Amino acid sequence: MLADDWWRHAVIYQVYPRSFADSDGDGMGDLPGVISRLPYLADLGVDALWLNPFYASPQNDAGYDVADYRRVDDLFGTVADAEKLIEAAHALGLRVIFDIVPNHTSSAHAWFVEALATPPGTGIWSRYHCVRGRGADGQEPPNDWLSVFGGLAWTQIPDPASGDPSGWWYLHLFDTTQPDLNWNDPEVWAEHERVLRFWFDRGVDGFRIDVAHGLVKTEDYPMSGEQPGMYSLELDTPVLPQWDQPGVHEVYRAWRGIANSYDPPRAFCGEVVVPTPESHAMYLRTDELHTAFNFHYLRTRWDAAHLREVIDHSLATAGSIGAPCTWVLSNHDVRRHVTRLAPVESDGSVDLERGLARARAASMVMLALPGSAYLYQGEELGLPEVIDLPAEARQDPTFLRTAGEVIGRDGCRVPIPWEGTTPSFGFGPGEESWLPQPDFFAELSVAAQTGVADSTLEMYRSALRIRKDQPGLGDGELEWLDSPPDVVAFARGSITVVANMGDRPITWPATELLLASSPAVTFANGSVAVEPETAVWISGRR
Ligand code: GLC
């Protein structure tokens with residue numbers, strides 16, 4: 001029997017369905033593919049999986065443009081497959097989280113299709129942000145808000161009778177095919193309750209909430225003074241009128257009530273991108289979301305002082321309201337952390353060998369922090385970002401909307417290698433994969449790493465096993481230990497975690513070496529020698 005508060009300390013594996021496992025050889029991952037690989041996840045030792053959207057969608061933003069929240073896209077399978085997946089995962093002791101997208105629908109959603117046939121500003125347009133433009137004929141956009149994917153966040157609506165520009169505009173904080181919903185409309189609330197219940201009734205254990213901080217916009221749509229790049233995962237970014245408005249919290253109070261009406265209660269994890277840990281913590285009040293991704297942690301540099309500060313601040317703010325922290329280093333929107341943490345050479349290239357060493361150390365630190373942790377598929381294989389995808393293969397709307405100026409997120413979404421030496425490396429039965437896989441995936445495949453003592457995969461397996469055996473590791477307090485300034489050292493119950501982020505080897509007293517991120521670590525005469533760019537879990541206190 002799994003505890004109701006499993007979400008406080010779970011390790012959750014993010015499955016990006018397009019790129020995890022393809023059962024039918026069309027080059028696109030699918031739900032039967034995920035089902036076939038569930039034993040791998042159970043064996044890896046994670047507690048749950050989160051799947052990115054697989055609902056009916058034109059796929060202009062890889063499924064974050066949902067046309068029907070209660071249908072599975074033909075690309076991925078059927079609702080029956082989703083039910084089978086939940087059942088099979090539960091049989092293996094794994095929880096399952098789906099992804100809900102409440103900020104916007106696809107322009108192919110029945111509501112928006114109906115709206116386009118309706119005079120702007122009337123009827124069903126109330127479900128979207130349909131606003132009169134500025135200037136005499138409304139030919140200028142209502143304000144200066146920007147799309148996260150580049151360009152303006154407004155598109156002019158054609159007059160349904162004549163097809164001419166109507167002087168009315170709709171808001172899309174992402175792609176033009178992702179119109180933002182208007183959460184002032186009661187039908188928007190009612191429909192989301194139906195969607196939540198549809199999947200909760202089928203046994204899903206919770207939802208990750210897409211763009212959870214975006215649902216409510218400042219009334220009257222004021223100018224924001226926004227410049228490109230101001231909206232980001234960085235700390236202390238400006239507060240903008242289209243994000244993080246107080247009214248959004250009412251939505252989550254209502255949703256928490258729905259989740260609590262189930263037995264066992266269902267759980268939420270918000271994608272909350274806000275400027276400070278304090279505003280982040282507001283979403284985690286006891287009657288709102290259970291957890292929310294900690295992007296301030298994701299943005300930490302390879303820098304001990306910075307890491308300590310972000311960990312401390314995150315624990316203090318979440319802790320002040322009794323909420324757990326949720327740690328994450330990679331996902332489908334950011335450069336894989338092997339590449340992100342790699343030192344940049346003078347010619348602009350990155351040293352991926354050192355990047356991998358740092359990534360392994362960083363993951364060991366993350367898996368020892370109090371709270372829950374998210375792993376992104378392929379990070380357990382040490383995959384780097386695929387940086388040289390040809391332009392014609394790229395599909396991210398960011399790349400397309402900025403004419404290639406922003407390279408986009410395809411490089412972390414390449415289908416993962418399972419086995420073999422040629423594409424698709426066991427991803428599917430044939431050679432197809434929707435993004436091309438590089439040759440170096442052969443040596444990083446699951447099969448190539450399984451049973452290999454020092455492989456990244458076996459390091460993750462060992463870390464997750466130790467974490468399971470030591471319940472205190474996912475929960476409890478963190479105690480900082482005195483250390484040189486470029487070393488991160490903390491105690492978690494009987495386990496000590498030491499990460500050497502400096503450039504000289506250090507030694508640390510220990511009674512046992514439990515796990516090291518590198519085979520270069522040695523343990524002799526009651527002390528471990530920790531090389532730079534390496535982390536260890538040891539028993540014994542100094
Ligand atoms: C979130 C998703 C991202 C998507 C965007 C719009 O940030 O993680 O992949 O493009 O929302 O839905």
# chains A, B, ... in the order shown; residues from 1 in each chain; ligands from 1
call {"tool": "residues_near_ligand", "arguments": {"ligand": "ligand 1", "cutoff": "7 Å", "atoms": "only C-alpha atoms and all ligand atoms", "output": "list of chain:residue names"}}
result
A:Asp61, A:Tyr64, A:Asp65, A:Val101, A:Phe174, A:Asp210, A:Val211, A:His332, A:Asp333
call {"tool": "closest_atom_pairs", "arguments": {"of": "stretch 104-213 of chain A", "to": "stretch 285-292 of chain A", "cutoff": "12 Å", "atoms": "only C-alpha atoms", "output": "tab-separated table"}}
result
residue	atom	partner	partner_atom	distance
A:Gly206	CA	A:His290	CA	9.9
A:Phe207	CA	A:Leu289	CA	10.2
A:Arg208	CA	A:Ala292	CA	8.5
A:Ile209	CA	A:Ala292	CA	8.9
A:Asp210	CA	A:Ala292	CA	10.7
A:Val211	CA	A:Ala292	CA	10.9
A:Ala212	CA	A:Ala292	CA	9.1
A:His213	CA	A:Ala292	CA	10.4
call {"tool": "select_by_dssp", "arguments": {"residues": "stretch 26-223 of chain A", "states": "strand (DSSP E)", "output": "number ranges by chain"}}
result
A: 48-51, 55-56, 68-72, 95-100, 130-132, 154-158, 165-171, 206-209
call {"tool": "atom_distance", "arguments": {"atom1": "atom CA of A:Arg70", "atom2": "atom CA of A:Val334"}}
result
28.1 Å
call {"tool": "residues_around", "arguments": {"residues": "stretch 534-539 of chain A", "least_positions_apart": "5", "cutoff": "8 Å", "atoms": "only C-alpha atoms", "output": "MDAnalysis selection string"}}
result
chainID A and resid 357:358 360:362 364:365 494:501 510:518 521
call {"tool": "atom_distance", "arguments": {"atom1": "atom CA of A:Ala305", "atom2": "atom CA of A:Leu481"}}
result
13.3 Å
call {"tool": "residues_around", "arguments": {"residues": "stretch 306-322 of chain A", "least_positions_apart": "2", "cutoff": "9 Å", "atoms": "only C-alpha atoms", "output": "number ranges by chain"}}
result
A: 277-278, 280-282, 284-286, 294, 296-297, 300-304, 324-325, 369-370, 480, 488
call {"tool": "closest_residue", "arguments": {"among": "A:Asp185, A:Ile258, A:Val274, A:Glu380", "to": "A:Gly123", "atoms": "only C-alpha atoms"}}
result
A:Asp185
call {"tool": "select_by_dssp", "arguments": {"residues": "stretch 444-497 of chain A", "states": "helix (DSSP H, G or I)", "output": "ChimeraX atom specification"}}
result
/A:444,446-449,456-469,471-473
call {"tool": "closest_residue", "arguments": {"among": "A:Tyr262, A:Tyr170, A:Trp125, A:Phe293", "to": "A:Asp4", "atoms": "only C-alpha atoms"}}
result
A:Tyr262
call {"tool": "atom_distance", "arguments": {"atom1": "atom CA of A:Glu458", "atom2": "atom CA of A:Val46"}}
result
13.4 Å
call {"tool": "closest_residue", "arguments": {"among": "A:Pro265, A:Gly378, A:Pro246, A:Pro384", "to": "A:Val338", "atoms": "only C-alpha atoms"}}
result
A:Pro384
call {"tool": "residues_around", "arguments": {"residues": "A:Pro120", "least_positions_apart": "4", "cutoff": "8 Å", "atoms": "only C-alpha atoms", "output": "PyMOL selection string"}}
result
chain A and resi 115-116+125+130+157+159+166+168
call {"tool": "residues_around", "arguments": {"residues": "stretch 225-228 of chain A", "least_positions_apart": "4", "cutoff": "8 Å", "atoms": "only C-alpha atoms", "output": "number ranges by chain"}}
result
A: 144-146, 150, 240
call {"tool": "write_last_selection", "arguments": {"atoms": "N, CA and C atoms", "output": "CSV table (one decimal), in the first residue's frame"}}
result
chain,number,residue,atom,x,y,z
A,144,ASP,N,1.4,45.5,-25.7
A,144,ASP,CA,2.7,45.1,-26.1
A,144,ASP,C,3.1,43.7,-25.6
A,145,TRP,N,2.2,42.9,-25.2
A,145,TRP,CA,2.6,41.6,-24.6
A,145,TRP,C,3.2,40.7,-25.7
A,146,LEU,N,4.2,40.0,-25.2
A,146,LEU,CA,5.0,39.1,-26.2
A,146,LEU,C,4.7,37.7,-26.0
A,150,GLY,N,8.3,34.0,-29.2
A,150,GLY,CA,8.8,35.0,-30.1
A,150,GLY,C,7.6,35.8,-30.8
A,240,LEU,N,5.3,40.7,-14.6
A,240,LEU,CA,4.6,41.2,-15.8
A,240,LEU,C,3.1,40.9,-15.6
call {"tool": "residues_around", "arguments": {"residues": "A:Ala442", "least_positions_apart": "6", "cutoff": "9 Å", "atoms": "only C-alpha atoms", "output": "PyMOL selection string"}}
result
chain A and resi 417-423+425+448
call {"tool": "write_last_selection", "arguments": {"atoms": "C-alpha atoms", "output": "compact mmCIF listing (two decimals), in the first residue's frame"}}
result
# COMPACT_ATOMS: atom_id res chain seq x y z
CA PRO A 417 18.43 4.79 -27.34
CA TRP A 418 17.51 1.41 -25.90
CA GLU A 419 19.82 -1.00 -27.68
CA GLY A 420 21.76 -1.77 -30.86
CA THR A 421 24.22 0.17 -32.93
CA THR A 422 22.07 1.72 -35.64
CA PRO A 423 19.02 4.03 -35.59
CA PHE A 425 18.54 2.12 -31.40
CA ALA A 448 25.17 -0.78 -23.53
